[in-house]
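Here the structure comes first, spelled out in structure tokens, and everything after it is commentary.
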Amino acid sequence: MTVGRGADEGQPELAIRNVGLKYMTPEREMIALSDVNLDVAAGEFVALVGPSGCGKSTLLTLMAGLVPPSKGRIAIRGANVTAPSHRVGFMFQKDTLFEWRTVLQNVLIGAELLQLGKGASQVRAEELLVGYGLEDFLHSLPHQLSGGMRQRVALARTLLPKPDILLLDEPFSALDYQTRLALSDEMVGILRGEGKTVVLVTHDIGEAVSMADRVVVMSRRPGRIKSQFDIRFASGARPTPLQARALPEFNDYFRKIWDELDMQSPAQVLQ
Amino acid sequence: MRRQDSIVARTAAPAPETVMASPEYERYLASLKRQRMMVRLWQLAIIVGFLILWQISPNQGWVNPMLTSYPSQVLSTLIELVKNGSIFQHTWSTLFSTMIGFGGSMIIGLVLALSFWSFPNVYRVLDPYMVVLNALPKIALVPIFYIWLGDESSIYAMAIIVGVFITTLMLYTGFRAVDPDKVKLVQLYGGSRLDVIRKVLLPGTVPMMISTLKVNVGLSLVGVVVGEFQSAKSGLGYLIIFGSQVFQMNLVMTAIVVLAIISAGLFAAIQLLESWLYRTRGGNV
């Protein structure tokens with residue numbers, strides 16, 4: 001199922017134009033984002049990396065329509081984003097499962113709030129969960145699941161209303177390393193398979209390079225876009241994240257992006 | 001609500017692998033069981049010891065029986081009151097007022113806490129008053145309520161007011177502690193403020209509501225008994241005051257014993273509610 005690939009050439013799926021965000025606390029006025037410009041094509045997988053506090057997660061909440069930008073505009077297929085929409089799915093760092101709901105009921109929360117048909121949603125929810133190997137846990141409560149399973153439930157919840165665009169806010173960072181590698185492999189497979197447009201925020205360069213088609217580096221606050229890298233691998237078919245980590249290009253991209261991030265003495269750390 | 005036409009039949013959680021228990025493990029289980037028995041035994045020993053001491057102290061002339069009465073006399077007074085039926089009337093009237101206090105402070109507390117959550121500025125304005133009212137000894141209000149509301153309503157008002165401020169503050173704290181990302185999640189699906197309340201705040205603070213109920217058991221009973229001291233013509237508080245005025249310690253002690261049973265019963269009921277909610281919470285929201 002490919003979504004949006006047939007849309008107007010020329011018109012990006014997601015367009016961010018001169019976006020700035022300023023917010024105020026009693027202590028000070030802060031410019032979180034300034035002059036951000038970014039286009040994401042339909043079906044593209046973009047990773048946003050940057051030093052912590054650079055506003056990359058904030059940019060994601062702007063794309064989701066949770067917070068309006070103070071300047072500029074964000075558009076999906078040409079239509080301005082003013083409020084959250086079911087066409088955009090969002091995954092948090094924590095799985096934000098409701099402890100008082102079963103796995104199935106958690107996946108169905110979006111269907112309830114969007115008032116989608118009950119029967120069809122239930123069937124789809126079960127299909128998704130079965131597809132992720134959770135068929136034995138449909139009626140379990142979240143606390144009975146491991147971290148990786150919980151995050152898969154969150155993925156099913158996000159995909160249930162069939163969003164075209166997925167915004168992922170460090171969705172793997174609360175998981176242990178092995179689970180994180182395995183789950184990112186699985187998720188990239190699912191998302192590419194469904195032709196979703198994805199924006200992933202991460203602080204993990206390896207994750208960004210192995211998963212994304214393009215890595216966008218943001219500068220320190222006030223966050224702006226510093227540079228972008230198209231990730232290309234010599235081998236024919238697109239490698240899975242795990243395969244990508246073993247390829248020579250992976251290290252080249254890693255090093256280049258590390259240099260861009262402007263950390264202290266990268267040469268010493270890497271040599 | 002579960003549908004039967006779902007593509008996957010309801011699957012039980014996979015059964016844990018059964019392994020033959022080793023002798024060490026058997027011994028460990030036995031020692032756990034012994035520990036639990038010992039705790040029960042000591043609990044029983046304390047109450048029995050207390051009753052025996054209470055019975056023999058006046059008998060032996062260690063204390064004045066006029067002041068302490070005896071457990072045996074309390075029992076015979078209780079039987080007498082049961083026979084003439086008056087204990088039921090007193091107990092019911094106290095229990096009824098306590099329930100009103102329970103329900104009233106929970107409902108009013110929920111409404112107040114939800115409006116504080118919805119309108120933070122209201123909370124900012126009222127915060128100091130809430131704190132002062134919560135700290136104020138509500139018992140001081142008994143005479144005022146009696147004058148304003150009369151003998152019956154003043155008891156209900158006392159039962160509600162002793163618990164309502166702490167209920168509000170606890171529930172509001174519970175709402176504030178709800179993960180903000182869960183609120184965002186509902187907003188992402190276009191959920192309104194009412195949806196946030198129904199889907200996240202209320203189900204998410206059920207444990208806090210239970211704690212609030214537990215606090216309120218004690219508070220509401222205090223409110224009712226003190227209210228009855230002032231104005232009632234029935235109720236256990238009335239029985240206590242009447243008994244002390246005619247210097248009938250049997251009556252006073254009997255009423256206190258019944259109060260102890262009521263509070264134990266209410267507490268047990270809340271625990272039942274808690275475990276029932278715990279078991280069904282996945283299925284009912």
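Just remember, in the structure tokens the first chain shown is A, the second B, etc., residues are 1-based per chain, and ligands are 1-based in the order shown.
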Taking only C-alpha atoms into account and nothing else, which residues of chain A lie no more than 9 Å away from chain B? Please answer as a PDB file with N, CA and C atoms, in the first residue's frame.
ATOM      1  N   ALA A  64       3.247  18.205  14.182  1.00  0.00           N
ATOM      2  CA  ALA A  64       2.043  17.460  14.571  1.00  0.00           C
ATOM      3  C   ALA A  64       0.852  18.394  14.756  1.00  0.00           C
ATOM      4  N   GLY A  65       1.104  19.707  14.806  1.00  0.00           N
ATOM      5  CA  GLY A  65       0.004  20.646  15.005  1.00  0.00           C
ATOM      6  C   GLY A  65      -0.379  20.821  16.461  1.00  0.00           C
ATOM      7  N   LEU A  66       0.475  20.362  17.377  1.00  0.00           N
ATOM      8  CA  LEU A  66       0.178  20.532  18.801  1.00  0.00           C
ATOM      9  C   LEU A  66       0.489  21.946  19.256  1.00  0.00           C
ATOM     10  N   ALA A  83      -3.984  22.142  13.439  1.00  0.00           N
ATOM     11  CA  ALA A  83      -4.392  21.309  14.574  1.00  0.00           C
ATOM     12  C   ALA A  83      -3.959  19.879  14.277  1.00  0.00           C
ATOM     13  N   PRO A  84      -3.900  19.041  15.310  1.00  0.00           N
ATOM     14  CA  PRO A  84      -3.541  17.640  15.058  1.00  0.00           C
ATOM     15  C   PRO A  84      -4.518  16.999  14.081  1.00  0.00           C
ATOM     16  N   SER A  85      -4.014  16.083  13.277  1.00  0.00           N
ATOM     17  CA  SER A  85      -4.862  15.409  12.298  1.00  0.00           C
ATOM     18  C   SER A  85      -4.558  13.925  12.334  1.00  0.00           C
ATOM     19  N   HIS A  86      -5.562  13.096  11.989  1.00  0.00           N
ATOM     20  CA  HIS A  86      -5.346  11.652  12.008  1.00  0.00           C
ATOM     21  C   HIS A  86      -4.420  11.217  10.892  1.00  0.00           C
ATOM     22  N   VAL A  88      -1.547  12.349  10.528  1.00  0.00           N
ATOM     23  CA  VAL A  88      -0.202  12.389  11.091  1.00  0.00           C
ATOM     24  C   VAL A  88      -0.181  11.541  12.363  1.00  0.00           C
ATOM     25  N   GLY A  89       0.701  10.558  12.384  1.00  0.00           N
ATOM     26  CA  GLY A  89       0.850   9.731  13.584  1.00  0.00           C
ATOM     27  C   GLY A  89       2.071  10.169  14.366  1.00  0.00           C
ATOM     28  N   PHE A  90       2.013   9.997  15.670  1.00  0.00           N
ATOM     29  CA  PHE A  90       3.088  10.500  16.524  1.00  0.00           C
ATOM     30  C   PHE A  90       3.481   9.415  17.507  1.00  0.00           C
ATOM     31  N   MET A  91       4.773   9.155  17.615  1.00  0.00           N
ATOM     32  CA  MET A  91       5.235   8.214  18.642  1.00  0.00           C
ATOM     33  C   MET A  91       6.167   8.914  19.599  1.00  0.00           C
ATOM     34  N   PHE A  92       5.925   8.657  20.889  1.00  0.00           N
ATOM     35  CA  PHE A  92       6.697   9.330  21.917  1.00  0.00           C
ATOM     36  C   PHE A  92       7.894   8.483  22.336  1.00  0.00           C
ATOM     37  N   LYS A  94       8.524   7.724  25.504  1.00  0.00           N
ATOM     38  CA  LYS A  94       7.870   6.712  26.337  1.00  0.00           C
ATOM     39  C   LYS A  94       6.737   6.125  25.506  1.00  0.00           C
ATOM     40  N   THR A  96       3.724   5.699  26.407  1.00  0.00           N
ATOM     41  CA  THR A  96       2.454   6.339  26.799  1.00  0.00           C
ATOM     42  C   THR A  96       1.260   5.398  26.677  1.00  0.00           C
ATOM     43  N   LEU A  97       1.462   4.130  27.006  1.00  0.00           N
ATOM     44  CA  LEU A  97       0.300   3.239  27.074  1.00  0.00           C
ATOM     45  C   LEU A  97      -0.475   3.574  28.346  1.00  0.00           C
ATOM     46  N   PHE A  98      -1.798   3.413  28.284  1.00  0.00           N
ATOM     47  CA  PHE A  98      -2.626   3.636  29.462  1.00  0.00           C
ATOM     48  C   PHE A  98      -2.618   2.354  30.280  1.00  0.00           C
ATOM     49  N   GLU A  99      -2.113   2.424  31.507  1.00  0.00           N
ATOM     50  CA  GLU A  99      -1.954   1.212  32.319  1.00  0.00           C
ATOM     51  C   GLU A  99      -3.291   0.551  32.612  1.00  0.00           C
ATOM     52  N   TRP A 100      -4.369   1.328  32.551  1.00  0.00           N
ATOM     53  CA  TRP A 100      -5.673   0.792  32.938  1.00  0.00           C
ATOM     54  C   TRP A 100      -6.410   0.169  31.757  1.00  0.00           C
ATOM     55  N   ARG A 101      -5.801   0.192  30.584  1.00  0.00           N
ATOM     56  CA  ARG A 101      -6.450  -0.402  29.419  1.00  0.00           C
ATOM     57  C   ARG A 101      -5.662  -1.625  28.965  1.00  0.00           C
ATOM     58  N   THR A 102      -6.367  -2.608  28.389  1.00  0.00           N
ATOM     59  CA  THR A 102      -5.656  -3.761  27.835  1.00  0.00           C
ATOM     60  C   THR A 102      -4.912  -3.318  26.579  1.00  0.00           C
ATOM     61  N   VAL A 103      -4.037  -4.206  26.103  1.00  0.00           N
ATOM     62  CA  VAL A 103      -3.278  -3.933  24.886  1.00  0.00           C
ATOM     63  C   VAL A 103      -4.221  -3.544  23.750  1.00  0.00           C
ATOM     64  N   GLN A 105      -7.319  -2.455  23.873  1.00  0.00           N
ATOM     65  CA  GLN A 105      -8.002  -1.181  24.129  1.00  0.00           C
ATOM     66  C   GLN A 105      -7.057  -0.004  23.941  1.00  0.00           C
ATOM     67  N   ILE A 109      -7.562   3.310  21.169  1.00  0.00           N
ATOM     68  CA  ILE A 109      -7.875   4.635  21.716  1.00  0.00           C
ATOM     69  C   ILE A 109      -8.087   5.666  20.599  1.00  0.00           C
ATOM     70  N   GLY A 110      -7.232   5.611  19.579  1.00  0.00           N
ATOM     71  CA  GLY A 110      -7.360   6.569  18.479  1.00  0.00           C
ATOM     72  C   GLY A 110      -8.680   6.392  17.748  1.00  0.00           C
ATOM     73  N   ALA A 111      -9.057   5.127  17.524  1.00  0.00           N
ATOM     74  CA  ALA A 111     -10.318   4.846  16.833  1.00  0.00           C
ATOM     75  C   ALA A 111     -11.498   5.393  17.633  1.00  0.00           C
ATOM     76  N   LEU A 113     -11.455   7.962  19.797  1.00  0.00           N
ATOM     77  CA  LEU A 113     -11.487   9.421  19.802  1.00  0.00           C
ATOM     78  C   LEU A 113     -11.842   9.972  18.423  1.00  0.00           C
ATOM     79  N   LEU A 114     -11.400   9.255  17.373  1.00  0.00           N
ATOM     80  CA  LEU A 114     -11.710   9.713  16.023  1.00  0.00           C
ATOM     81  C   LEU A 114     -13.070   9.197  15.576  1.00  0.00           C
ATOM     82  N   GLY A 119     -16.175  -2.163  14.764  1.00  0.00           N
ATOM     83  CA  GLY A 119     -15.845  -3.520  14.319  1.00  0.00           C
ATOM     84  C   GLY A 119     -14.616  -3.538  13.442  1.00  0.00           C
ATOM     85  N   GLN A 122     -11.456  -2.819  15.321  1.00  0.00           N
ATOM     86  CA  GLN A 122     -11.046  -3.934  16.168  1.00  0.00           C
ATOM     87  C   GLN A 122     -10.330  -4.994  15.328  1.00  0.00           C
ATOM     88  N   VAL A 123     -10.878  -5.281  14.159  1.00  0.00           N
ATOM     89  CA  VAL A 123     -10.245  -6.275  13.289  1.00  0.00           C
ATOM     90  C   VAL A 123      -8.859  -5.800  12.885  1.00  0.00           C
ATOM     91  N   GLU A 126      -6.386  -6.012  15.750  1.00  0.00           N
ATOM     92  CA  GLU A 126      -5.926  -7.377  15.991  1.00  0.00           C
ATOM     93  C   GLU A 126      -4.952  -7.827  14.921  1.00  0.00           C
ATOM     94  N   GLU A 127      -5.233  -7.440  13.657  1.00  0.00           N
ATOM     95  CA  GLU A 127      -4.304  -7.786  12.578  1.00  0.00           C
ATOM     96  C   GLU A 127      -2.926  -7.215  12.858  1.00  0.00           C
ATOM     97  N   VAL A 130      -1.301  -9.023  15.830  1.00  0.00           N
ATOM     98  CA  VAL A 130      -0.880 -10.372  15.444  1.00  0.00           C
ATOM     99  C   VAL A 130       0.366 -10.276  14.567  1.00  0.00           C
ATOM    100  N   GLU A 135      -0.102 -11.776  19.564  1.00  0.00           N
ATOM    101  CA  GLU A 135      -1.432 -12.405  19.596  1.00  0.00           C
ATOM    102  C   GLU A 135      -1.768 -12.979  20.970  1.00  0.00           C
ATOM    103  N   ASP A 136      -0.762 -13.312  21.771  1.00  0.00           N
ATOM    104  CA  ASP A 136      -1.056 -13.881  23.090  1.00  0.00           C
ATOM    105  C   ASP A 136      -1.313 -12.807  24.137  1.00  0.00           C
ATOM    106  N   PHE A 137      -1.210 -11.531  23.758  1.00  0.00           N
ATOM    107  CA  PHE A 137      -1.266 -10.477  24.769  1.00  0.00           C
ATOM    108  C   PHE A 137      -2.364  -9.460  24.507  1.00  0.00           C
ATOM    109  N   LEU A 138      -3.314  -9.808  23.632  1.00  0.00           N
ATOM    110  CA  LEU A 138      -4.355  -8.830  23.274  1.00  0.00           C
ATOM    111  C   LEU A 138      -5.079  -8.309  24.509  1.00  0.00           C
ATOM    112  N   HIS A 139      -5.310  -9.199  25.469  1.00  0.00           N
ATOM    113  CA  HIS A 139      -6.107  -8.799  26.632  1.00  0.00           C
ATOM    114  C   HIS A 139      -5.251  -8.645  27.879  1.00  0.00           C
ATOM    115  N   SER A 140      -3.932  -8.560  27.691  1.00  0.00           N
ATOM    116  CA  SER A 140      -3.055  -8.317  28.834  1.00  0.00           C
ATOM    117  C   SER A 140      -3.018  -6.827  29.129  1.00  0.00           C
ATOM    118  N   LEU A 141      -2.610  -6.497  30.347  1.00  0.00           N
ATOM    119  CA  LEU A 141      -2.400  -5.095  30.691  1.00  0.00           C
ATOM    120  C   LEU A 141      -0.941  -4.754  30.402  1.00  0.00           C
TER     121      LEU A 141
END
Skipping near chain neighbours, those fewer than 6 positions away, what residues fall within 7 Å of segment 162-171 of chain B using only C-alpha atoms, listed as a PyMOL selection string?
chain B and resi 105-106+108-110+112-113+130+134+138+208-209+212+216+219-220+223
Shell around Val36 of chain A at 8 Å using only C-alpha atoms, local window under 6 positions removed, as number ranges by chain:
A: 16-20, 223-225
Can I get the selection written as a CSV table (one decimal), in the first residue's frame, with N, CA and C atoms?
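Below you can see result-v1.csv, which holds the result:
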chain,number,residue,atom,x,y,z
A,16,ILE,N,8.1,22.8,5.4
A,16,ILE,CA,8.3,23.7,6.5
A,16,ILE,C,9.0,24.9,6.0
A,17,ARG,N,8.3,26.1,6.2
A,17,ARG,CA,8.8,27.3,5.5
A,17,ARG,C,9.1,28.4,6.6
A,18,ASN,N,10.4,28.8,6.7
A,18,ASN,CA,10.8,29.9,7.6
A,18,ASN,C,10.2,29.8,9.0
A,19,VAL,N,10.2,28.6,9.5
A,19,VAL,CA,9.5,28.4,10.8
A,19,VAL,C,10.4,28.9,11.9
A,20,GLY,N,9.8,29.7,12.8
A,20,GLY,CA,10.5,30.1,14.0
A,20,GLY,C,9.6,29.9,15.2
A,223,GLY,N,17.6,26.6,17.3
A,223,GLY,CA,17.8,25.6,16.3
A,223,GLY,C,17.5,26.0,14.9
A,224,ARG,N,18.4,25.7,14.0
A,224,ARG,CA,18.2,25.9,12.6
A,224,ARG,C,18.8,24.7,11.9
A,225,ILE,N,18.5,24.6,10.6
A,225,ILE,CA,19.1,23.5,9.9
A,225,ILE,C,20.4,23.8,9.4
Neighbour list for Phe116 of chain B as a PyMOL selection string, cut-off 10 Å, only C-alpha atoms, skip fewer than 2 positions in-chain
chain B and resi 110-114+118-127+168-169+172+175
Looking only at the backbone, which of the residues in segment 218-257 of chain A does DSSP tag as helix (DSSP H, G or I), as an MDAnalysis selection string?
chainID A and resid 241:245 248:257
Output file for the selection above: N, CA and C atoms, as an mmCIF file, in the first residue's frame:
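Result file is again_22.cif:
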data_model
loop_
_atom_site.group_PDB
_atom_site.id
_atom_site.type_symbol
_atom_site.label_atom_id
_atom_site.label_comp_id
_atom_site.auth_asym_id
_atom_site.auth_seq_id
_atom_site.Cartn_x
_atom_site.Cartn_y
_atom_site.Cartn_z
ATOM 1 N N PRO A 241 18.516 -1.643 8.512
ATOM 2 C CA PRO A 241 19.397 -0.922 9.440
ATOM 3 C C PRO A 241 20.549 -1.778 9.955
ATOM 4 N N LEU A 242 20.278 -3.030 10.274
ATOM 5 C CA LEU A 242 21.355 -3.881 10.797
ATOM 6 C C LEU A 242 22.416 -4.141 9.751
ATOM 7 N N GLN A 243 21.982 -4.410 8.502
ATOM 8 C CA GLN A 243 22.944 -4.598 7.412
ATOM 9 C C GLN A 243 23.740 -3.325 7.174
ATOM 10 N N ALA A 244 23.029 -2.191 7.226
ATOM 11 C CA ALA A 244 23.678 -0.912 6.937
ATOM 12 C C ALA A 244 24.836 -0.651 7.906
ATOM 13 N N ARG A 245 24.654 -1.055 9.148
ATOM 14 C CA ARG A 245 25.694 -0.790 10.139
ATOM 15 C C ARG A 245 27.003 -1.486 9.804
ATOM 16 N N PRO A 248 30.734 -0.104 4.716
ATOM 17 C CA PRO A 248 31.762 0.939 4.895
ATOM 18 C C PRO A 248 31.179 2.355 4.875
ATOM 19 N N GLU A 249 30.111 2.577 4.066
ATOM 20 C CA GLU A 249 29.529 3.925 3.988
ATOM 21 C C GLU A 249 29.000 4.375 5.350
ATOM 22 N N PHE A 250 28.551 3.426 6.126
ATOM 23 C CA PHE A 250 27.976 3.759 7.428
ATOM 24 C C PHE A 250 28.952 4.587 8.258
ATOM 25 N N ASN A 251 30.198 4.102 8.316
ATOM 26 C CA ASN A 251 31.195 4.809 9.122
ATOM 27 C C ASN A 251 31.537 6.184 8.555
ATOM 28 N N ASP A 252 31.572 6.275 7.202
ATOM 29 C CA ASP A 252 31.861 7.580 6.593
ATOM 30 C C ASP A 252 30.795 8.599 6.984
ATOM 31 N N TYR A 253 29.533 8.179 6.810
ATOM 32 C CA TYR A 253 28.447 9.101 7.152
ATOM 33 C C TYR A 253 28.477 9.442 8.635
ATOM 34 N N PHE A 254 28.730 8.426 9.438
ATOM 35 C CA PHE A 254 28.775 8.632 10.890
ATOM 36 C C PHE A 254 29.777 9.720 11.232
ATOM 37 N N ARG A 255 30.989 9.597 10.631
ATOM 38 C CA ARG A 255 32.051 10.545 10.943
ATOM 39 C C ARG A 255 31.700 11.952 10.466
ATOM 40 N N LYS A 256 31.166 12.039 9.252
ATOM 41 C CA LYS A 256 30.817 13.357 8.709
ATOM 42 C C LYS A 256 29.772 14.047 9.589
ATOM 43 N N ILE A 257 28.773 13.276 9.988
ATOM 44 C CA ILE A 257 27.695 13.877 10.777
ATOM 45 C C ILE A 257 28.212 14.245 12.171
#
